[in-house]
file start13.csv (CSV, C-alpha atoms (C1' of nucleotides))
chain,number,residue,atom,x,y,z
A,1,MET,CA,15.0,132.4,140.4
A,2,GLY,CA,14.1,131.1,136.9
A,3,SER,CA,14.0,134.5,135.4
A,4,SER,CA,17.6,135.3,136.4
A,5,LYS,CA,18.8,132.2,134.6
A,6,VAL,CA,16.8,133.3,131.6
A,7,SER,CA,18.5,136.7,131.8
A,8,ILE,CA,22.0,135.1,132.0
A,9,ILE,CA,21.2,133.0,128.9
A,10,LYS,CA,19.8,136.0,127.0
A,11,GLU,CA,22.7,138.3,127.9
A,12,ALA,CA,25.3,135.6,127.1
A,13,TYR,CA,23.9,135.3,123.6
A,14,GLU,CA,24.4,139.0,123.0
A,15,LEU,CA,28.0,138.9,124.3
A,16,LEU,CA,28.8,135.8,122.2
A,17,SER,CA,27.4,137.4,119.1
A,18,ASP,CA,30.0,140.1,119.3
A,19,ASN,CA,32.8,137.6,119.8
A,20,PRO,CA,35.0,137.4,116.6
A,21,GLU,CA,36.4,134.1,117.8
A,22,VAL,CA,33.2,132.3,116.8
A,23,ALA,CA,32.1,132.9,113.2
A,24,GLY,CA,28.8,132.1,111.6
A,25,TRP,CA,27.5,128.6,112.0
A,26,GLU,CA,27.7,127.8,108.3
A,27,ALA,CA,31.5,128.0,108.4
A,28,TRP,CA,31.5,126.2,111.7
A,29,TRP,CA,29.6,123.2,110.2
A,30,PRO,CA,30.6,122.9,106.5
A,31,ALA,CA,28.3,120.7,104.5
A,32,GLU,CA,27.2,120.5,100.8
A,33,GLY,CA,23.6,119.5,101.5
A,34,PRO,CA,21.0,118.6,104.1
A,35,PHE,CA,21.5,114.9,104.0
A,36,GLU,CA,25.3,115.4,104.5
A,37,ARG,CA,24.3,117.2,107.7
A,38,VAL,CA,22.3,114.2,108.9
A,39,VAL,CA,25.2,111.8,108.3
A,40,GLY,CA,27.6,114.3,109.9
A,41,ALA,CA,25.3,114.5,113.0
A,42,ILE,CA,25.7,110.8,113.5
A,43,LEU,CA,29.4,110.5,112.7
A,44,THR,CA,30.3,113.3,115.1
A,45,GLN,CA,28.8,111.7,118.2
A,46,GLN,CA,31.5,111.6,120.8
A,47,THR,CA,34.0,112.2,118.1
A,48,ARG,CA,36.3,115.0,116.9
A,49,TRP,CA,35.4,116.7,113.7
A,50,GLU,CA,38.8,116.0,112.1
A,51,ASN,CA,38.0,112.3,112.2
A,52,VAL,CA,34.5,113.0,110.8
A,53,ASP,CA,36.0,114.9,108.0
A,54,LYS,CA,38.1,111.9,106.9
A,55,ALA,CA,35.1,109.6,106.9
A,56,MET,CA,33.0,112.2,105.1
A,57,SER,CA,35.6,112.5,102.3
A,58,ALA,CA,35.8,108.8,101.9
A,59,LEU,CA,32.0,108.7,101.6
A,60,LYS,CA,32.1,111.3,98.9
A,61,GLU,CA,34.8,109.6,97.0
A,62,ASN,CA,32.7,106.4,96.9
A,63,GLY,CA,29.6,108.4,95.9
A,64,LEU,CA,27.7,107.3,99.0
A,65,LEU,CA,26.3,110.6,100.2
A,66,SER,CA,22.7,109.9,99.3
A,67,PRO,CA,20.0,107.9,101.0
A,68,GLU,CA,19.7,105.5,98.0
A,69,ALA,CA,23.4,104.8,97.8
A,70,LEU,CA,23.8,104.2,101.5
A,71,SER,CA,20.8,101.9,101.6
A,72,SER,CA,22.3,99.6,99.0
A,73,VAL,CA,25.9,99.6,100.1
A,74,PRO,CA,27.0,96.5,102.0
A,75,LEU,CA,27.2,97.1,105.8
A,76,SER,CA,30.8,95.7,106.1
A,77,GLY,CA,31.9,98.1,103.3
A,78,LEU,CA,30.3,101.0,105.0
A,79,GLU,CA,32.0,100.1,108.3
A,80,MET,CA,35.5,100.2,106.7
A,81,ILE,CA,34.8,103.6,105.0
A,82,ILE,CA,33.7,105.4,108.1
A,83,ARG,CA,36.3,103.7,110.4
A,84,PRO,CA,38.3,106.8,111.3
A,85,VAL,CA,35.3,108.1,113.4
A,86,GLY,CA,35.4,105.3,115.9
A,87,PHE,CA,32.3,103.3,117.0
A,88,TYR,CA,32.2,102.5,113.4
A,89,ARG,CA,30.2,99.3,113.7
A,90,GLN,CA,27.3,100.9,115.5
A,91,LYS,CA,27.5,104.1,113.4
A,92,ALA,CA,27.3,102.1,110.2
A,93,VAL,CA,24.0,100.7,111.4
A,94,TYR,CA,22.8,104.1,112.5
A,95,ILE,CA,23.6,105.6,109.0
A,96,LYS,CA,21.7,102.7,107.4
A,97,GLY,CA,18.7,103.7,109.5
A,98,VAL,CA,18.6,107.3,108.4
A,99,ALA,CA,19.3,106.3,104.8
A,100,GLU,CA,16.3,104.1,104.9
A,101,TYR,CA,14.1,106.8,106.5
A,102,PHE,CA,15.1,109.5,104.1
A,103,SER,CA,14.6,107.2,101.2
A,104,GLN,CA,10.9,107.2,102.1
A,105,HIS,CA,10.6,110.8,103.4
A,106,PRO,CA,12.3,113.2,101.0
A,107,ILE,CA,14.6,115.4,103.0
A,108,GLU,CA,13.5,118.5,101.1
A,109,ASP,CA,10.0,118.6,102.6
A,110,LEU,CA,11.0,117.7,106.2
A,111,HIS,CA,10.0,121.2,107.3
A,112,SER,CA,6.4,120.6,106.1
A,113,MET,CA,5.8,117.7,108.4
A,114,PRO,CA,4.6,118.2,112.0
A,115,PRO,CA,7.6,118.8,114.3
A,116,SER,CA,6.4,116.5,117.0
A,117,ARG,CA,5.9,113.6,114.6
A,118,LEU,CA,9.3,114.2,113.0
A,119,ARG,CA,11.0,114.1,116.4
A,120,GLU,CA,9.2,110.9,117.3
A,121,ASP,CA,10.2,109.3,114.0
A,122,LEU,CA,13.9,110.3,114.5
A,123,LEU,CA,13.9,109.0,118.1
A,124,GLY,CA,12.6,105.7,116.8
A,125,LEU,CA,15.7,105.3,114.6
A,126,PRO,CA,18.7,103.4,116.0
A,127,GLY,CA,21.5,105.7,117.3
A,128,ILE,CA,19.4,108.9,117.4
A,129,GLY,CA,18.7,110.2,120.9
A,130,ASN,CA,17.6,113.5,122.2
A,131,GLU,CA,20.6,115.5,121.1
A,132,THR,CA,21.1,114.1,117.6
A,133,ALA,CA,17.3,114.4,117.0
A,134,ASP,CA,17.5,118.0,117.9
A,135,VAL,CA,20.5,118.6,115.7
A,136,ILE,CA,18.5,117.4,112.8
A,137,MET,CA,15.4,119.3,113.9
A,138,LEU,CA,17.4,122.5,114.1
A,139,TYR,CA,20.0,122.4,111.3
A,140,VAL,CA,18.1,120.3,108.7
A,141,ALA,CA,14.4,120.7,109.3
A,142,GLY,CA,14.7,124.3,110.6
A,143,HIS,CA,12.8,124.0,113.9
A,144,PRO,CA,13.8,126.1,117.0
A,145,ARG,CA,15.4,123.7,119.5
A,146,PHE,CA,18.3,124.3,121.8
A,147,ILE,CA,20.9,121.5,121.7
A,148,VAL,CA,21.8,120.4,125.2
A,149,ASP,CA,25.2,118.8,124.6
A,150,ALA,CA,28.2,118.1,127.0
A,151,TYR,CA,29.7,121.5,126.4
A,152,ALA,CA,26.5,123.3,127.2
A,153,ARG,CA,26.1,121.4,130.4
A,154,ARG,CA,29.6,122.1,131.6
A,155,ILE,CA,29.4,125.8,130.7
A,156,LEU,CA,26.0,126.3,132.2
A,157,GLU,CA,27.2,124.5,135.4
A,158,CYS,CA,29.9,127.2,135.8
A,159,VAL,CA,27.1,129.7,136.3
A,160,GLY,CA,24.9,127.5,138.4
A,161,ILE,CA,22.5,126.3,135.8
A,162,THR,CA,21.8,122.5,135.9
A,163,GLY,CA,18.8,120.3,135.1
A,164,SER,CA,17.4,117.6,132.9
A,165,TYR,CA,17.5,117.9,129.1
A,166,ASP,CA,14.0,119.2,128.9
A,167,GLU,CA,14.4,121.6,131.8
A,168,ILE,CA,17.4,123.3,130.2
A,169,GLN,CA,15.7,123.4,126.8
A,170,ALA,CA,12.8,125.1,128.4
A,171,LEU,CA,15.0,127.8,129.9
A,172,PHE,CA,16.5,128.5,126.4
A,173,LYS,CA,13.0,128.7,124.9
A,174,MET,CA,12.1,131.4,127.5
A,175,ALA,CA,15.3,133.3,126.6
A,176,LEU,CA,15.4,133.0,122.8
A,177,GLY,CA,11.8,132.3,121.8
A,178,ASP,CA,11.4,130.7,118.4
A,179,ASP,CA,14.2,132.3,116.4
A,180,VAL,CA,15.8,129.4,114.5
A,181,GLU,CA,18.9,131.3,113.5
A,182,LYS,CA,19.6,132.2,117.1
A,183,TYR,CA,19.5,128.6,118.2
A,184,ARG,CA,21.8,127.7,115.4
A,185,ARG,CA,24.4,130.3,116.2
A,186,TYR,CA,24.1,129.8,120.0
A,187,HIS,CA,25.0,126.1,119.7
A,188,ALA,CA,27.9,126.9,117.5
A,189,TYR,CA,29.1,129.5,120.0
A,190,ILE,CA,28.9,127.1,122.9
A,191,VAL,CA,30.8,124.4,121.2
A,192,GLU,CA,33.6,126.7,120.2
A,193,LEU,CA,33.7,128.3,123.7
A,194,GLY,CA,33.6,124.8,125.3
A,195,LYS,CA,36.5,123.5,123.1
A,196,ARG,CA,38.6,126.5,124.2
A,197,HIS,CA,37.8,126.8,127.9
A,198,CYS,CA,35.6,124.0,129.1
A,199,ASN,CA,36.6,120.5,128.1
A,200,LYS,CA,36.7,117.6,130.5
A,201,LYS,CA,40.4,117.9,131.3
A,202,ARG,CA,40.3,121.6,132.0
A,203,CYS,CA,37.0,123.5,132.7
A,204,ASP,CA,38.0,127.1,133.2
A,205,CYS,CA,34.8,128.5,134.8
A,206,CYS,CA,36.4,131.9,135.3
A,207,ALA,CA,37.1,132.3,131.6
A,208,VAL,CA,33.6,131.1,130.9
A,209,LYS,CA,32.0,133.5,133.3
A,210,LYS,CA,33.7,136.3,131.5
A,211,TYR,CA,31.3,135.5,128.6
A,212,LEU,CA,28.2,134.4,130.5
A,213,GLU,CA,27.8,137.2,133.1
B,1,DC,C1',51.7,105.4,128.3
B,2,DT,C1',47.2,107.9,129.5
B,3,DC,C1',43.3,110.5,128.5
B,4,DC,C1',39.6,112.3,125.8
B,5,DA,C1',36.3,113.7,121.7
B,6,DG,C1',30.0,118.2,119.2
B,7,DG,C1',26.3,110.3,122.4
B,8,DA,C1',23.4,106.4,122.5
B,9,DG,C1',22.1,101.7,124.0
B,10,DT,C1',21.8,98.3,127.5
B,11,DG,C1',21.7,96.4,132.1
B,12,DT,C1',21.2,96.9,137.1
B,13,DA,C1',19.1,98.7,141.6
C,1,DT,C1',15.0,107.8,137.9
C,2,DA,C1',20.1,107.2,138.4
C,3,DC,C1',24.5,105.4,137.3
C,4,DA,C1',28.0,102.2,135.3
C,5,DC,C1',29.5,100.1,131.4
C,6,DT,C1',30.4,99.5,126.3
C,7,DC,C1',31.5,101.0,121.8
C,8,DA,C1',36.8,102.6,119.0
C,9,DT,C1',39.9,105.5,116.1
C,10,DG,C1',43.2,109.1,116.3
C,11,DG,C1',45.4,113.1,118.4
C,12,DA,C1',47.6,115.6,122.4

call {"tool": "encode", "arguments": {"input": "start13.csv", "output": "structure tokens"}}
result
Amino acid sequence: MGSSKVSIIKEAYELLSDNPEVAGWEAWWPAEGPFERVVGAILTQQTRWENVDKAMSALKENGLLSPEALSSVPLSGLEMIIRPVGFYRQKAVYIKGVAEYFSQHPIEDLHSMPPSRLREDLLGLPGIGNETADVIMLYVAGHPRFIVDAYARRILECVGITGSYDEIQALFKMALGDDVEKYRRYHAYIVELGKRHCNKKRCDCCAVKKYLE
DNA sequence: CTCCAGGAGTGTA
DNA sequence: TACACTCATGGA
């Protein structure tokens, strides 16, 4: 039962790795530094990347892509700058939260702090739930964690794999082990595959199965 | 005009 | 635990 699901996940990774449609994750998620990734992780919540890009450019133009600068900028000003992403009032507060946190915990030595404590810290910040916490764990701190997002759930459902956040994450741990780069690539593959074949309006399970079986 | 995007927080049963 | 509702701009 469980092992067949693990096999599907494992084989799907091999197939997706050969797919030229999805390039390396660095190109998939362009960012100039680790803190920019943290901000991007929040801005992209329930939002298209084109809109995130506009807000990110505005932040750069105003010299705000550092924990210190974001901590001191007025909230109302930050709201206006990130407006294109939508949910801009809450996200401005969220960004203030991570800016404050990374002012006190240098982002360069995130990897050296215990993963369990880092995750608890992140979940304690406003606007950071399971998924965003894992995005930061995986792409910034460098810890092996599969990201269970909406695309992953839809795609997995096409092949009969469902469950809670933790259950699905456990399946991927059995399939991929602790290879950080694999998790990084797999998430990128799934998002690209999802955008093409499995969004809310049109979830083409047949096209998805071509990759996953 | 309608629908949705790389979620999270809050309230209700 | 399980849903429904809210937040919001911009593109198809």

call {"tool": "closest_residue", "arguments": {"input": "start13.csv", "among": "A:Tyr151, A:Phe102, A:Tyr88, A:Tyr13", "to": "chain B", "atoms": "only C-alpha atoms (C1' of nucleotides)"}}
result
A:Tyr151

call {"tool": "interface_residues", "arguments": {"input": "start13.csv", "of": "chain C", "to": "chain A", "cutoff": "12 Å", "atoms": "only C-alpha atoms (C1' of nucleotides)", "output": "PyMOL selection string"}}
result
chain C and resi 1+6-12

call {"tool": "interface_residues", "arguments": {"input": "start13.csv", "of": "chain B", "to": "chain A", "cutoff": "8 Å", "atoms": "only C-alpha atoms (C1' of nucleotides)", "output": "NGL selection string"}}
result
:B and (4-9)

call {"tool": "atom_distance", "arguments": {"input": "start13.csv", "atom1": "atom CA of A:Leu212", "atom2": "atom CA of A:Ile168"}}
result
15.5 Å

call {"tool": "closest_atom_pairs", "arguments": {"input": "start13.csv", "of": "stretch 9-104 of chain A", "to": "stretch 204-211 of chain A", "cutoff": "9 Å", "atoms": "all atoms listed in the file", "output": "Markdown table"}}
result
| residue | atom | partner | partner_atom | distance |
| --- | --- | --- | --- | --- |
| A:Ala12 | CA | A:Tyr211 | CA | 6.2 |
| A:Tyr13 | CA | A:Tyr211 | CA | 8.9 |
| A:Leu15 | CA | A:Tyr211 | CA | 6.4 |
| A:Leu16 | CA | A:Tyr211 | CA | 6.9 |

call {"tool": "atom_distance", "arguments": {"input": "start13.csv", "atom1": "atom CA of A:Ile95", "atom2": "atom CA of A:Pro114"}}
result
23.0 Å

call {"tool": "residues_around", "arguments": {"input": "start13.csv", "residues": "stretch 5-11 of chain A", "least_positions_apart": "3", "cutoff": "8 Å", "atoms": "only C-alpha atoms (C1' of nucleotides)", "output": "PyMOL selection string"}}
result
chain A and resi 1-2+14-15+161+171-172+174-176+212-213

call {"tool": "atom_distance", "arguments": {"input": "start13.csv", "atom1": "atom CA of A:Asp53", "atom2": "atom CA of A:Ile81"}}
result
11.8 Å

call {"tool": "axis_aligned_box", "arguments": {"input": "start13.csv", "around": "chain B", "padding_each_side": "4 Å", "output": "JSON"}}
result
{"center_x": 35.4, "center_y": 107.3, "center_z": 130.4, "size_x": 40.6, "size_y": 29.8, "size_z": 30.4}

call {"tool": "residues_around", "arguments": {"input": "start13.csv", "residues": "stretch 71-73 of chain A", "least_positions_apart": "6", "cutoff": "9 Å", "atoms": "only C-alpha atoms (C1' of nucleotides)", "output": "PyMOL selection string"}}
result
chain A and resi 64+95-100+103

call {"tool": "residues_around", "arguments": {"input": "start13.csv", "residues": "C:DC5", "least_positions_apart": "4", "cutoff": "12 Å", "atoms": "all atoms listed in the file", "output": "list in words"}}
result
DG9, DT10, DG11 and DT12 of chain B

call {"tool": "residues_around", "arguments": {"input": "start13.csv", "residues": "A:Phe146", "least_positions_apart": "3", "cutoff": "8 Å", "atoms": "all atoms listed in the file", "output": "list in words"}}
result
Asp134, Leu138, Gln169, Phe172, Lys173, Tyr183 and His187 of chain A

call {"tool": "closest_residue", "arguments": {"input": "start13.csv", "among": "A:Glu32, A:Met80, A:Glu26, A:Asp178", "to": "A:Lys60", "atoms": "all atoms listed in the file"}}
result
A:Glu32
